[in-house]
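**Q** Provided below: data16.pdb, containing PDB, C-alpha atoms and all ligand atoms.
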```pdb
MODEL        1
ATOM      1  CA  MET A   1     -38.155  79.594 218.090
ATOM      2  CA  ALA A   2     -40.102  81.973 215.882
ATOM      3  CA  GLU A   3     -42.227  80.148 213.339
ATOM      4  CA  ILE A   4     -42.147  80.677 209.599
ATOM      5  CA  ILE A   5     -45.643  80.100 208.292
ATOM      6  CA  VAL A   6     -46.459  80.029 204.598
ATOM      7  CA  PRO A   7     -49.813  81.173 203.233
ATOM      8  CA  VAL A   8     -49.713  78.532 200.546
ATOM      9  CA  LEU A   9     -50.901  79.419 197.030
ATOM     10  CA  THR A  10     -53.730  77.429 195.455
ATOM     11  CA  PRO A  11     -52.672  75.806 192.165
ATOM     12  CA  PHE A  12     -55.361  75.963 189.477
ATOM     13  CA  ASN A  13     -55.516  74.369 186.068
ATOM     14  CA  ASP A  14     -58.446  75.360 183.872
ATOM     15  CA  GLY A  15     -60.133  76.911 186.908
ATOM     16  CA  LYS A  16     -59.939  73.727 189.011
ATOM     17  CA  ILE A  17     -57.686  73.095 191.986
ATOM     18  CA  ASN A  18     -54.804  70.798 191.113
ATOM     19  CA  ILE A  19     -54.519  68.705 194.267
ATOM     20  CA  GLU A  20     -51.306  66.953 193.270
ATOM     21  CA  LEU A  21     -49.498  70.235 192.628
ATOM     22  CA  LEU A  22     -50.675  71.579 195.986
ATOM     23  CA  LYS A  23     -49.354  68.494 197.761
ATOM     24  CA  GLU A  24     -45.994  68.678 195.988
ATOM     25  CA  HIS A  25     -45.610  72.378 196.742
ATOM     26  CA  THR A  26     -46.517  71.805 200.393
ATOM     27  CA  SER A  27     -43.934  69.026 200.751
ATOM     28  CA  SER A  28     -41.276  71.130 199.112
ATOM     29  CA  LEU A  29     -41.943  74.058 201.475
ATOM     30  CA  LEU A  30     -41.785  71.826 204.540
ATOM     31  CA  LYS A  31     -38.508  70.334 203.336
ATOM     32  CA  ALA A  32     -37.171  73.872 202.978
ATOM     33  CA  GLY A  33     -37.840  74.445 206.690
ATOM     34  CA  VAL A  34     -41.222  76.139 206.812
ATOM     35  CA  ASP A  35     -43.057  75.320 210.070
ATOM     36  CA  ARG A  36     -46.752  75.559 209.270
ATOM     37  CA  ILE A  37     -49.033  75.874 206.261
ATOM     38  CA  PHE A  38     -51.739  78.533 206.271
ATOM     39  CA  VAL A  39     -54.477  77.227 203.975
ATOM     40  CA  ASN A  40     -56.960  79.513 202.163
ATOM     41  CA  GLY A  41     -55.199  82.749 203.043
ATOM     42  CA  THR A  42     -54.975  85.749 200.775
ATOM     43  CA  THR A  43     -52.222  84.219 198.651
ATOM     44  CA  GLY A  44     -54.296  81.016 198.539
ATOM     45  CA  MET A  45     -57.118  83.177 197.136
ATOM     46  CA  GLY A  46     -59.280  82.300 200.165
ATOM     47  CA  PRO A  47     -62.000  84.908 199.495
ATOM     48  CA  ALA A  48     -62.364  83.576 195.929
ATOM     49  CA  LEU A  49     -62.877  79.927 196.936
ATOM     50  CA  SER A  50     -66.145  78.088 197.473
ATOM     51  CA  PRO A  51     -66.589  76.243 200.793
ATOM     52  CA  GLY A  52     -66.011  72.968 198.902
ATOM     53  CA  GLU A  53     -62.749  74.296 197.476
ATOM     54  CA  LYS A  54     -61.579  75.446 200.906
ATOM     55  CA  GLU A  55     -62.168  71.914 202.112
ATOM     56  CA  THR A  56     -60.404  70.427 199.086
ATOM     57  CA  ASN A  57     -57.319  72.529 199.867
ATOM     58  CA  LEU A  58     -57.396  71.487 203.501
ATOM     59  CA  LYS A  59     -57.680  67.786 202.742
ATOM     60  CA  ALA A  60     -54.857  67.952 200.186
ATOM     61  CA  VAL A  61     -52.507  69.650 202.645
ATOM     62  CA  LEU A  62     -53.526  67.262 205.455
ATOM     63  CA  GLU A  63     -52.362  64.378 203.293
ATOM     64  CA  VAL A  64     -48.877  65.871 203.590
ATOM     65  CA  THR A  65     -48.809  67.369 207.090
ATOM     66  CA  ASP A  66     -50.859  68.110 210.192
ATOM     67  CA  LYS A  67     -49.010  71.404 210.700
ATOM     68  CA  VAL A  68     -51.889  73.368 209.310
ATOM     69  CA  ILE A  69     -53.843  76.539 209.986
ATOM     70  CA  PHE A  70     -57.208  76.322 208.247
ATOM     71  CA  GLN A  71     -58.645  79.710 207.231
ATOM     72  CA  VAL A  72     -62.448  79.473 207.206
ATOM     73  CA  GLY A  73     -63.665  83.085 206.917
ATOM     74  CA  SER A  74     -66.448  84.204 204.595
ATOM     75  CA  LEU A  75     -69.547  86.358 204.525
ATOM     76  CA  ASN A  76     -71.826  83.425 205.315
ATOM     77  CA  MET A  77     -71.766  82.553 209.017
ATOM     78  CA  GLY A  78     -73.348  79.151 208.418
ATOM     79  CA  GLU A  79     -70.561  78.208 206.011
ATOM     80  CA  VAL A  80     -67.893  79.544 208.347
ATOM     81  CA  LYS A  81     -69.184  77.444 211.238
ATOM     82  CA  SER A  82     -69.584  74.349 209.156
ATOM     83  CA  LEU A  83     -65.975  74.643 207.895
ATOM     84  CA  ALA A  84     -64.813  75.190 211.478
ATOM     85  CA  ARG A  85     -66.605  71.982 212.514
ATOM     86  CA  GLU A  86     -65.182  70.147 209.520
ATOM     87  CA  GLY A  87     -61.689  71.276 210.553
ATOM     88  CA  LYS A  88     -62.266  69.944 214.040
ATOM     89  CA  GLU A  89     -63.555  66.622 212.760
ATOM     90  CA  LEU A  90     -60.498  66.262 210.551
ATOM     91  CA  GLY A  91     -58.229  66.909 213.541
ATOM     92  CA  VAL A  92     -56.973  70.340 212.485
ATOM     93  CA  LYS A  93     -55.386  71.961 215.533
ATOM     94  CA  THR A  94     -55.789  75.594 214.496
ATOM     95  CA  ILE A  95     -58.327  77.464 212.423
ATOM     96  CA  ALA A  96     -58.345  81.150 211.489
ATOM     97  CA  SER A  97     -60.645  83.739 210.033
ATOM     98  CA  TYR A  98     -60.544  87.243 208.724
ATOM     99  CA  ALA A  99     -63.282  89.595 209.872
ATOM    100  CA  PRO A 100     -66.435  89.907 207.736
ATOM    101  CA  TYR A 101     -65.298  92.190 204.914
ATOM    102  CA  TYR A 102     -66.994  94.470 202.368
ATOM    103  CA  PHE A 103     -69.800  95.676 204.648
ATOM    104  CA  THR A 104     -68.915  99.063 206.024
ATOM    105  CA  GLY A 105     -69.929 100.468 209.359
ATOM    106  CA  LEU A 106     -70.323  97.146 211.189
ATOM    107  CA  PRO A 107     -70.355  97.935 214.905
ATOM    108  CA  LYS A 108     -67.626  96.347 216.990
ATOM    109  CA  SER A 109     -70.201  94.199 218.764
ATOM    110  CA  LEU A 110     -70.937  92.311 215.526
ATOM    111  CA  ILE A 111     -67.257  91.634 214.884
ATOM    112  CA  VAL A 112     -66.934  90.361 218.455
ATOM    113  CA  ARG A 113     -69.940  88.115 217.967
ATOM    114  CA  TYR A 114     -68.604  86.742 214.645
ATOM    115  CA  PHE A 115     -65.426  85.501 216.330
ATOM    116  CA  LYS A 116     -67.208  84.227 219.438
ATOM    117  CA  GLU A 117     -69.443  82.095 217.232
ATOM    118  CA  ILE A 118     -66.376  80.573 215.543
ATOM    119  CA  CYS A 119     -64.838  79.872 218.963
ATOM    120  CA  GLY A 120     -68.013  77.932 219.751
ATOM    121  CA  GLU A 121     -66.997  75.423 217.059
ATOM    122  CA  HIS A 122     -63.257  75.010 217.636
ATOM    123  CA  ASP A 123     -60.760  75.209 220.528
ATOM    124  CA  GLU A 124     -57.968  77.048 218.768
ATOM    125  CA  VAL A 125     -59.038  80.014 216.688
ATOM    126  CA  TYR A 126     -56.692  82.679 215.308
ATOM    127  CA  LEU A 127     -57.683  86.070 213.991
ATOM    128  CA  TYR A 128     -56.405  86.955 210.538
ATOM    129  CA  ASN A 129     -56.258  90.718 210.786
ATOM    130  CA  TYR A 130     -55.739  92.447 207.441
ATOM    131  CA  PRO A 131     -57.199  95.951 207.746
ATOM    132  CA  SER A 132     -56.087  97.227 204.332
ATOM    133  CA  ALA A 133     -57.925  94.387 202.544
ATOM    134  CA  VAL A 134     -60.820  93.738 204.895
ATOM    135  CA  GLY A 135     -61.638  97.379 205.600
ATOM    136  CA  LYS A 136     -61.637  97.020 209.368
ATOM    137  CA  ASP A 137     -59.020  96.650 212.040
ATOM    138  CA  VAL A 138     -59.681  94.065 214.724
ATOM    139  CA  ASP A 139     -57.207  95.589 217.153
ATOM    140  CA  ALA A 140     -55.720  94.340 220.421
ATOM    141  CA  GLU A 141     -58.509  95.794 222.560
ATOM    142  CA  THR A 142     -61.201  94.168 220.384
ATOM    143  CA  VAL A 143     -59.349  90.871 220.625
ATOM    144  CA  LYS A 144     -59.386  91.208 224.407
ATOM    145  CA  GLU A 145     -63.120  91.748 224.274
ATOM    146  CA  ILE A 146     -63.579  88.680 222.034
ATOM    147  CA  GLY A 147     -61.723  86.810 224.746
ATOM    148  CA  CYS A 148     -61.394  83.367 223.134
ATOM    149  CA  LEU A 149     -58.794  83.865 220.377
ATOM    150  CA  LYS A 150     -55.511  81.979 220.785
ATOM    151  CA  GLY A 151     -53.514  83.807 218.147
ATOM    152  CA  VAL A 152     -53.426  86.518 215.547
ATOM    153  CA  LYS A 153     -51.834  86.909 212.178
ATOM    154  CA  ASP A 154     -51.589  90.653 211.724
ATOM    155  CA  THR A 155     -50.943  91.729 208.154
ATOM    156  CA  ASN A 156     -49.862  95.195 208.989
ATOM    157  CA  ASP A 157     -46.914  97.427 208.186
ATOM    158  CA  SER A 158     -46.822  98.615 211.781
ATOM    159  CA  ILE A 159     -44.852  96.264 214.000
ATOM    160  CA  ASN A 160     -46.130  98.294 216.928
ATOM    161  CA  HIS A 161     -49.675  97.328 215.977
ATOM    162  CA  SER A 162     -48.650  93.662 216.134
ATOM    163  CA  LEU A 163     -46.800  94.120 219.430
ATOM    164  CA  GLN A 164     -49.884  95.731 220.928
ATOM    165  CA  TYR A 165     -51.674  92.337 220.778
ATOM    166  CA  LYS A 166     -48.926  90.952 223.038
ATOM    167  CA  ARG A 167     -49.094  93.897 225.399
ATOM    168  CA  VAL A 168     -52.836  93.623 225.820
ATOM    169  CA  ASN A 169     -53.165  89.822 225.489
ATOM    170  CA  PRO A 170     -49.908  88.370 226.880
ATOM    171  CA  GLY A 171     -50.828  84.711 226.420
ATOM    172  CA  MET A 172     -51.614  85.088 222.772
ATOM    173  CA  LYS A 173     -49.476  83.979 219.806
ATOM    174  CA  VAL A 174     -48.797  86.874 217.492
ATOM    175  CA  PHE A 175     -47.487  86.686 213.933
ATOM    176  CA  ASN A 176     -46.939  89.582 211.580
ATOM    177  CA  GLY A 177     -48.001  88.973 207.969
ATOM    178  CA  ALA A 178     -45.994  91.582 206.052
ATOM    179  CA  ASP A 179     -43.216  90.237 203.811
ATOM    180  CA  THR A 180     -41.089  93.270 204.625
ATOM    181  CA  LEU A 181     -41.177  92.597 208.378
ATOM    182  CA  VAL A 182     -39.966  88.993 208.546
ATOM    183  CA  MET A 183     -36.686  89.884 210.190
ATOM    184  CA  THR A 184     -38.292  92.496 212.421
ATOM    185  CA  SER A 185     -41.009  90.080 213.580
ATOM    186  CA  ILE A 186     -38.422  87.503 214.548
ATOM    187  CA  ALA A 187     -36.021  89.973 216.161
ATOM    188  CA  THR A 188     -38.697  91.696 218.245
ATOM    189  CA  GLY A 189     -39.804  88.425 219.812
ATOM    190  CA  LEU A 190     -43.129  87.928 218.078
ATOM    191  CA  ASP A 191     -44.094  84.293 217.571
ATOM    192  CA  GLY A 192     -43.131  84.422 213.926
ATOM    193  CA  THR A 193     -44.140  85.478 210.473
ATOM    194  CA  VAL A 194     -46.771  84.527 207.909
ATOM    195  CA  SER A 195     -45.100  85.521 204.684
ATOM    196  CA  ALA A 196     -46.323  85.040 201.130
ATOM    197  CA  ALA A 197     -42.677  85.208 200.015
ATOM    198  CA  ALA A 198     -42.172  81.869 201.771
ATOM    199  CA  ASN A 199     -43.835  80.345 198.696
ATOM    200  CA  PHE A 200     -40.854  81.244 196.506
ATOM    201  CA  VAL A 201     -37.893  81.885 198.840
ATOM    202  CA  PRO A 202     -38.576  79.722 201.929
ATOM    203  CA  GLU A 203     -34.871  78.998 202.448
ATOM    204  CA  VAL A 204     -34.106  82.707 202.583
ATOM    205  CA  LEU A 205     -36.659  83.227 205.360
ATOM    206  CA  VAL A 206     -35.253  80.265 207.276
ATOM    207  CA  GLU A 207     -31.801  81.808 206.857
ATOM    208  CA  ILE A 208     -33.059  85.171 208.146
ATOM    209  CA  ARG A 209     -34.286  83.403 211.265
ATOM    210  CA  ARG A 210     -30.956  81.602 211.708
ATOM    211  CA  LYS A 211     -28.960  84.827 211.328
ATOM    212  CA  VAL A 212     -31.128  86.610 213.871
ATOM    213  CA  SER A 213     -30.726  83.750 216.352
ATOM    214  CA  GLU A 214     -26.936  83.943 215.908
ATOM    215  CA  GLY A 215     -27.032  87.678 216.532
ATOM    216  CA  LYS A 216     -26.009  88.439 212.934
ATOM    217  CA  VAL A 217     -28.685  91.046 212.521
ATOM    218  CA  GLY A 218     -26.869  92.984 209.793
ATOM    219  CA  GLU A 219     -26.683  89.872 207.612
ATOM    220  CA  ALA A 220     -30.319  89.076 208.330
ATOM    221  CA  MET A 221     -31.249  92.599 207.295
ATOM    222  CA  LYS A 222     -29.466  92.177 203.972
ATOM    223  CA  LEU A 223     -31.454  89.057 203.226
ATOM    224  CA  GLN A 224     -34.617  90.873 204.258
ATOM    225  CA  PHE A 225     -33.771  93.634 201.783
ATOM    226  CA  MET A 226     -33.426  91.032 199.029
ATOM    227  CA  VAL A 227     -36.894  89.724 199.873
ATOM    228  CA  ASP A 228     -38.190  93.304 199.879
ATOM    229  CA  GLU A 229     -36.796  93.919 196.383
ATOM    230  CA  LEU A 230     -38.306  90.702 195.060
ATOM    231  CA  VAL A 231     -41.696  91.505 196.588
ATOM    232  CA  SER A 232     -41.663  95.045 195.295
ATOM    233  CA  LEU A 233     -40.771  93.796 191.798
ATOM    234  CA  ALA A 234     -43.526  91.156 191.933
ATOM    235  CA  LYS A 235     -46.116  93.674 193.101
ATOM    236  CA  GLY A 236     -45.519  95.645 189.905
ATOM    237  CA  TYR A 237     -46.930  92.696 187.940
ATOM    238  CA  GLY A 238     -49.682  91.836 190.442
ATOM    239  CA  TYR A 239     -48.395  90.065 193.519
ATOM    240  CA  ILE A 240     -50.436  86.876 193.630
ATOM    241  CA  PRO A 241     -50.166  86.006 189.903
ATOM    242  CA  SER A 242     -46.429  86.739 190.133
ATOM    243  CA  ILE A 243     -45.948  84.278 192.974
ATOM    244  CA  TYR A 244     -46.871  81.382 190.658
ATOM    245  CA  VAL A 245     -44.186  82.497 188.207
ATOM    246  CA  LEU A 246     -41.576  82.949 190.919
ATOM    247  CA  VAL A 247     -42.208  79.524 192.448
ATOM    248  CA  LYS A 248     -41.747  77.876 189.082
ATOM    249  CA  GLY A 249     -38.765  80.021 188.096
ATOM    250  CA  ILE A 250     -36.899  79.945 191.405
ATOM    251  CA  ARG A 251     -37.924  76.577 192.848
ATOM    252  CA  GLY A 252     -38.167  74.755 189.548
ATOM    253  CA  TYR A 253     -41.564  73.055 189.666
ATOM    254  CA  ASP A 254     -44.984  73.827 188.292
ATOM    255  CA  VAL A 255     -47.706  75.177 190.586
ATOM    256  CA  GLY A 256     -50.358  75.781 187.950
ATOM    257  CA  ASN A 257     -51.973  79.191 187.635
ATOM    258  CA  PRO A 258     -54.056  81.606 189.662
ATOM    259  CA  ARG A 259     -57.738  81.844 188.751
ATOM    260  CA  PRO A 260     -59.294  84.888 187.111
ATOM    261  CA  PRO A 261     -60.011  87.582 188.091
ATOM    262  CA  LEU A 262     -56.418  87.077 189.191
ATOM    263  CA  PHE A 263     -55.371  86.474 185.582
ATOM    264  CA  PRO A 264     -52.112  84.638 184.983
ATOM    265  CA  LEU A 265     -49.215  86.676 183.617
ATOM    266  CA  GLY A 266     -48.550  86.585 179.878
ATOM    267  CA  ASP A 267     -45.358  85.053 178.457
ATOM    268  CA  VAL A 268     -43.549  88.366 178.029
ATOM    269  CA  GLU A 269     -44.329  89.489 181.579
ATOM    270  CA  ARG A 270     -43.320  86.103 182.961
ATOM    271  CA  LYS A 271     -39.940  86.254 181.324
ATOM    272  CA  GLU A 272     -39.349  89.860 182.328
ATOM    273  CA  LEU A 273     -40.343  89.227 185.951
ATOM    274  CA  LEU A 274     -38.165  86.170 186.236
ATOM    275  CA  ASP A 275     -35.120  87.753 184.578
ATOM    276  CA  LYS A 276     -35.340  90.703 186.943
ATOM    277  CA  ALA A 277     -35.900  88.458 189.979
ATOM    278  CA  ILE A 278     -32.842  86.377 189.139
ATOM    279  CA  LYS A 279     -30.743  89.527 188.749
ATOM    280  CA  ILE A 280     -31.839  90.700 192.201
ATOM    281  CA  MET A 281     -30.926  87.353 193.744
ATOM    282  CA  GLU A 282     -27.565  87.278 191.972
ATOM    283  CA  LYS A 283     -26.772  90.787 193.148
ATOM    284  CA  TYR A 284     -27.300  89.767 196.778
ATOM    285  CA  ASN A 285     -25.556  86.426 196.387
ATOM    286  CA  LYS A 286     -22.499  88.192 194.991
ATOM    287  CA  ASN A 287     -22.678  90.603 197.895
ATOM    288  CA  GLU A 288     -22.987  93.563 195.581
ATOM    289  CA  ALA A 289     -26.031  94.972 197.326
TER     290      ALA A 289
HETATM  291  C1  LIG B   1     -50.210  88.514 203.470
HETATM  292  C2  LIG B   1     -50.244  89.192 202.153
HETATM  293  C3  LIG B   1     -49.971  90.641 202.417
HETATM  294  C4  LIG B   1     -49.821  87.109 203.355
HETATM  295  C5  LIG B   1     -51.779  85.500 203.209
HETATM  296  C6  LIG B   1     -50.755  86.213 204.013
HETATM  297  O1  LIG B   1     -51.608  85.439 201.998
HETATM  298  O2  LIG B   1     -52.721  84.968 203.791
HETATM  299  O3  LIG B   1     -49.344  93.250 199.919
HETATM  300  O4  LIG B   1     -48.258  93.105 202.173
HETATM  301  O5  LIG B   1     -50.706  93.498 201.972
HETATM  302  O6  LIG B   1     -51.435  88.725 204.135
HETATM  303  O7  LIG B   1     -49.297  88.683 201.277
HETATM  304  O8  LIG B   1     -49.720  91.331 201.264
HETATM  305  P1  LIG B   1     -49.501  92.904 201.341
HETATM  306  O9  LIG B   1     -50.672  86.050 205.203
ENDMDL
END
```
Take the structure in the file and write it out as structure tokens.
Ligand code: ELE

**A**
Amino acid sequence: MAEIIVPVLTPFNDGKINIELLKEHTSSLLKAGVDRIFVNGTTGMGPALSPGEKETNLKAVLEVTDKVIFQVGSLNMGEVKSLAREGKELGVKTIASYAPYYFTGLPKSLIVRYFKEICGEHDEVYLYNYPSAVGKDVDAETVKEIGCLKGVKDTNDSINHSLQYKRVNPGMKVFNGADTLVMTSIATGLDGTVSAAANFVPEVLVEIRRKVSEGKVGEAMKLQFMVDELVSLAKGYGYIPSIYVLVKGIRGYDVGNPRPPLFPLGDVERKELLDKAIKIMEKYNKNEA
């Protein structure tokens, strides 16, 4: 069965990670039917966390579940390797990394070497491919050349790009990371989805999967369109800060705040976002869409 993986947000209060809130949110998502927790992803503000904070997040989530993917990427190879080792020591089955970002013009050979070095520290390494954020595409052919990766989370609007990993690397697990392609990822036979929207509407994603498995693709598509509308609304306010508001407003518990420079939304924006989000959900629930 296709997996629904959540890139869990990182709850901050006064700039510090609130471990208890992270644990509660993680438990709630698992109860809602999410399969694995992706720690220190984009939504978790991975690139903005210190190595110590990445470890804090991991340990908090491990107190709740061992169904974890530990994202360790950064621009300091020594730190990346030490986090990979730490993950192994703590019994984490899967780690992941984005490619070294910011630096332009890195030859492919350096990207290949970066991932090979991580594979030297851990048995199960996934690529987190996110070309629009990272500035480089680690495509299926590069993955073949790397040779040791066991999976990829491809945040990419092209489902064909994700399928290409399967074509070229048949044994590999492939997940698409775009919120708008949850249904498509499941229906095309990828291994699942890594969707930020799973933070605030996990049950809807689980329902999309169920509908697809029952062959009710039209109904699944409708739910997907609801997710798309929510995501598009949230992106208008800044996606990651909005996710905190939507979790609290839709799921009913506090998850703290993001950390500047991802500034939290102001009161007026919060209310506006939530009112509009609830209207979207009501419209679909009443079948008016
Ligand atoms: C996605 C982003 C993609 C989720 C993570 C994720 O947070 O680690 O705006 O579609 O590029 O990568 O949410 O956002 P867009 O896997």

**Q** Do you know which residues lie at most 10 Å from (-44.9, 80.9, 198.0), with coordinates as in the file and all atoms listed in the file counted, and could you write them as a list in words?

**A**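 Every polymer residue passing the test: Val6, Pro7, Val8, Leu9, Thr10, His25, Thr26, Leu29, Thr43, Gly44, Ser195, Ala196, Ala197, Ala198, Asn199, Phe200, Val201, Pro202, Ile240, Ser242, Ile243, Tyr244, Val245, Leu246, Val247, Lys248, Arg251 and Val255 of chain A.
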
**Q** Write out as CSV a residue-level contact list of segment 12-46 of chain A versus segment 66-81 of chain A with cut-off 12 Å: for each qualifying residue the closest pair of atoms and the distance in Å to one decimal, counting all atoms listed in the file, rows sorted by chain and residue number upward.

**A**
```
residue,atom,partner,partner_atom,distance
A:Thr26,CA,A:Val68,CA,10.5
A:Ser27,CA,A:Lys67,CA,11.4
A:Leu29,CA,A:Lys67,CA,11.9
A:Leu30,CA,A:Lys67,CA,9.5
A:Val34,CA,A:Lys67,CA,9.9
A:Asp35,CA,A:Lys67,CA,7.2
A:Arg36,CA,A:Lys67,CA,4.9
A:Ile37,CA,A:Val68,CA,4.9
A:Phe38,CA,A:Ile69,CA,4.7
A:Val39,CA,A:Phe70,CA,5.2
A:Asn40,CA,A:Gln71,CA,5.3
A:Gly41,CA,A:Gln71,CA,6.2
A:Thr42,CA,A:Gln71,CA,9.6
A:Thr43,CA,A:Gln71,CA,11.6
A:Gly44,CA,A:Gln71,CA,9.8
A:Met45,CA,A:Gln71,CA,10.8
A:Gly46,CA,A:Gln71,CA,7.6
```

**Q** As AutoDock Vina command-line options, what would the box around segment 94-106 of chain A look like: edges along x, y and z, 4 Å added on every side, centre and edge lengths in Å to one decimal?

**A**
```
--center_x -63.1 --center_y 88.0 --center_z 208.4 --size_x 22.5 --size_y 32.9 --size_z 20.1
```

**Q** I need the residue nearest ligand LIG 1 (chain B) from this list: A:Ile118, A:Leu49, A:Ala187, A:Ala234. Use all atoms listed in the file for the distance.

**A**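 Looking at the shortest contact to ligand LIG 1 (chain B), the residue is A:Ala234.
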
**Q** Could you list, as a list in words, every residue matched by the PyMOL selection byres (((chain A and resi 139) around 9) and not hetatm) in this structure?

**A**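 Residues picked by the PyMOL selection byres (((chain A and resi 139) around 9) and not hetatm): Asn129, Asp137, Val138, Ala140, Glu141, Thr142, Val143, Lys144, His161, Ser162, Gln164 and Tyr165 of chain A.
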
**Q** Could you tell me how far atom CA of Asp154 of chain A sits from atom C1 of ligand LIG 1 (chain B), in Å to one decimal place?

**A**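 Distance reported for this atom pair: 8.6 Å.
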
**Q** Go ahead and compute the interatomic distance for atom CA of Leu230 of chain A and atom CA of Ser158 of chain A, in Å to one decimal.

**A**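 Answer for the atom CA of Leu230 of chain A to atom CA of Ser158 of chain A separation: 20.4 Å.
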
**Q** To verify the selection step, state as a PyMOL selection string which residues the PyMOL selection byres (((chain A and resi 147) around 12) and not hetatm) yields on this input.

**A** chain A and resi 112-113+115-117+119-120+125-127+140-146+148-151+168-169+171-172

**Q** Could you write those residues out with C-alpha atoms, as a JSON list (two decimals), in the frame of the given file?

**A**
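Dumped everything to part-v7.json:
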```json
[["chain", "number", "residue", "atom", "x", "y", "z"],
["A", 112, "VAL", "CA", -66.93, 90.36, 218.46],
["A", 113, "ARG", "CA", -69.94, 88.12, 217.97],
["A", 115, "PHE", "CA", -65.43, 85.50, 216.33],
["A", 116, "LYS", "CA", -67.21, 84.23, 219.44],
["A", 117, "GLU", "CA", -69.44, 82.10, 217.23],
["A", 119, "CYS", "CA", -64.84, 79.87, 218.96],
["A", 120, "GLY", "CA", -68.01, 77.93, 219.75],
["A", 125, "VAL", "CA", -59.04, 80.01, 216.69],
["A", 126, "TYR", "CA", -56.69, 82.68, 215.31],
["A", 127, "LEU", "CA", -57.68, 86.07, 213.99],
["A", 140, "ALA", "CA", -55.72, 94.34, 220.42],
["A", 141, "GLU", "CA", -58.51, 95.79, 222.56],
["A", 142, "THR", "CA", -61.20, 94.17, 220.38],
["A", 143, "VAL", "CA", -59.35, 90.87, 220.62],
["A", 144, "LYS", "CA", -59.39, 91.21, 224.41],
["A", 145, "GLU", "CA", -63.12, 91.75, 224.27],
["A", 146, "ILE", "CA", -63.58, 88.68, 222.03],
["A", 148, "CYS", "CA", -61.39, 83.37, 223.13],
["A", 149, "LEU", "CA", -58.79, 83.86, 220.38],
["A", 150, "LYS", "CA", -55.51, 81.98, 220.78],
["A", 151, "GLY", "CA", -53.51, 83.81, 218.15],
["A", 168, "VAL", "CA", -52.84, 93.62, 225.82],
["A", 169, "ASN", "CA", -53.16, 89.82, 225.49],
["A", 171, "GLY", "CA", -50.83, 84.71, 226.42],
["A", 172, "MET", "CA", -51.61, 85.09, 222.77]]
```

**Q** Using only C-alpha atoms, determine which residues lie at most 10 Å from Ala277 of chain A, disregarding the query and same-chain residues fewer than 6 positions distant; provide the list as a list in words.

**A** Met226, Glu229, Leu230, Val231, Leu233, Ala234, Leu246, Gly249, Ile250, Lys271 and Lys283 of chain A

**Q** With C-alpha atoms retained, export the selected residues as a PDB file, keeping the file's coordinate frame.

**A**
```pdb
ATOM      1  CA  MET A 226     -33.426  91.032 199.029  1.00  0.00           C
ATOM      2  CA  GLU A 229     -36.796  93.919 196.383  1.00  0.00           C
ATOM      3  CA  LEU A 230     -38.306  90.702 195.060  1.00  0.00           C
ATOM      4  CA  VAL A 231     -41.696  91.505 196.588  1.00  0.00           C
ATOM      5  CA  LEU A 233     -40.771  93.796 191.798  1.00  0.00           C
ATOM      6  CA  ALA A 234     -43.526  91.156 191.933  1.00  0.00           C
ATOM      7  CA  LEU A 246     -41.576  82.949 190.919  1.00  0.00           C
ATOM      8  CA  GLY A 249     -38.765  80.021 188.096  1.00  0.00           C
ATOM      9  CA  ILE A 250     -36.899  79.945 191.405  1.00  0.00           C
ATOM     10  CA  LYS A 271     -39.940  86.254 181.324  1.00  0.00           C
ATOM     11  CA  LYS A 283     -26.772  90.787 193.148  1.00  0.00           C
TER      12      LYS A 283
END
```

**Q** Name the residues captured by the PyMOL selection byres (((chain A and resi 52) around 12) and not hetatm) when it is applied to the shown file; answer as an NGL selection string.

**A** :A and (16-17 or 40 or 46 or 48-51 or 53-59 or 72 or 79-80 or 82-83 or 86)

**Q** Quick one: residues within 12 Å of Gly189 of chain A, all atoms listed in the file counted, chain neighbours fewer than 6 positions away excluded, as a short mmCIF file (atom, residue, chain, number, x, y, z; two decimals) with C-alpha atoms, keeping the file's coordinate frame?

**A**
```
data_model
loop_
_atom_site.label_atom_id
_atom_site.label_comp_id
_atom_site.auth_asym_id
_atom_site.auth_seq_id
_atom_site.Cartn_x
_atom_site.Cartn_y
_atom_site.Cartn_z
CA MET A 1 -38.16 79.59 218.09
CA ALA A 2 -40.10 81.97 215.88
CA GLU A 3 -42.23 80.15 213.34
CA ILE A 159 -44.85 96.26 214.00
CA SER A 162 -48.65 93.66 216.13
CA LEU A 163 -46.80 94.12 219.43
CA LYS A 166 -48.93 90.95 223.04
CA LYS A 173 -49.48 83.98 219.81
CA VAL A 174 -48.80 86.87 217.49
CA PHE A 175 -47.49 86.69 213.93
CA ASN A 176 -46.94 89.58 211.58
CA VAL A 182 -39.97 88.99 208.55
CA MET A 183 -36.69 89.88 210.19
CA ARG A 209 -34.29 83.40 211.26
CA VAL A 212 -31.13 86.61 213.87
CA SER A 213 -30.73 83.75 216.35
#
```

**Q** Counting all atoms listed in the file, which residue out of A:Tyr102, A:Phe12, A:Tyr239, A:Phe263 sits closest to ligand LIG 1 (chain B)?

**A**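 Checking each candidate against ligand LIG 1 (chain B), we get A:Tyr239 as the closest.
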
**Q** A:Ile19, A:Val92, A:Ile4, A:Leu106: which is nearest ligand LIG 1 (chain B), counting all atoms listed in the file?

**A**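 Using all atoms listed in the file, ligand LIG 1 (chain B) sits closest to A:Ile4.
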
**Q** Nearest residue to Glu24 of chain A out of A:Asp123, A:Thr188, A:Asp254, A:Thr94, using only C-alpha atoms?

**A**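 Checking each of A:Asp123, A:Thr188, A:Asp254, A:Thr94 against Glu24 of chain A, counting only C-alpha atoms, the winner is A:Asp254.
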
**Q** Grab the atom CA of Gly15 of chain A to atom C4 of ligand LIG 1 (chain B) distance for me, in Å with one decimal place.

**A** 21.9 Å
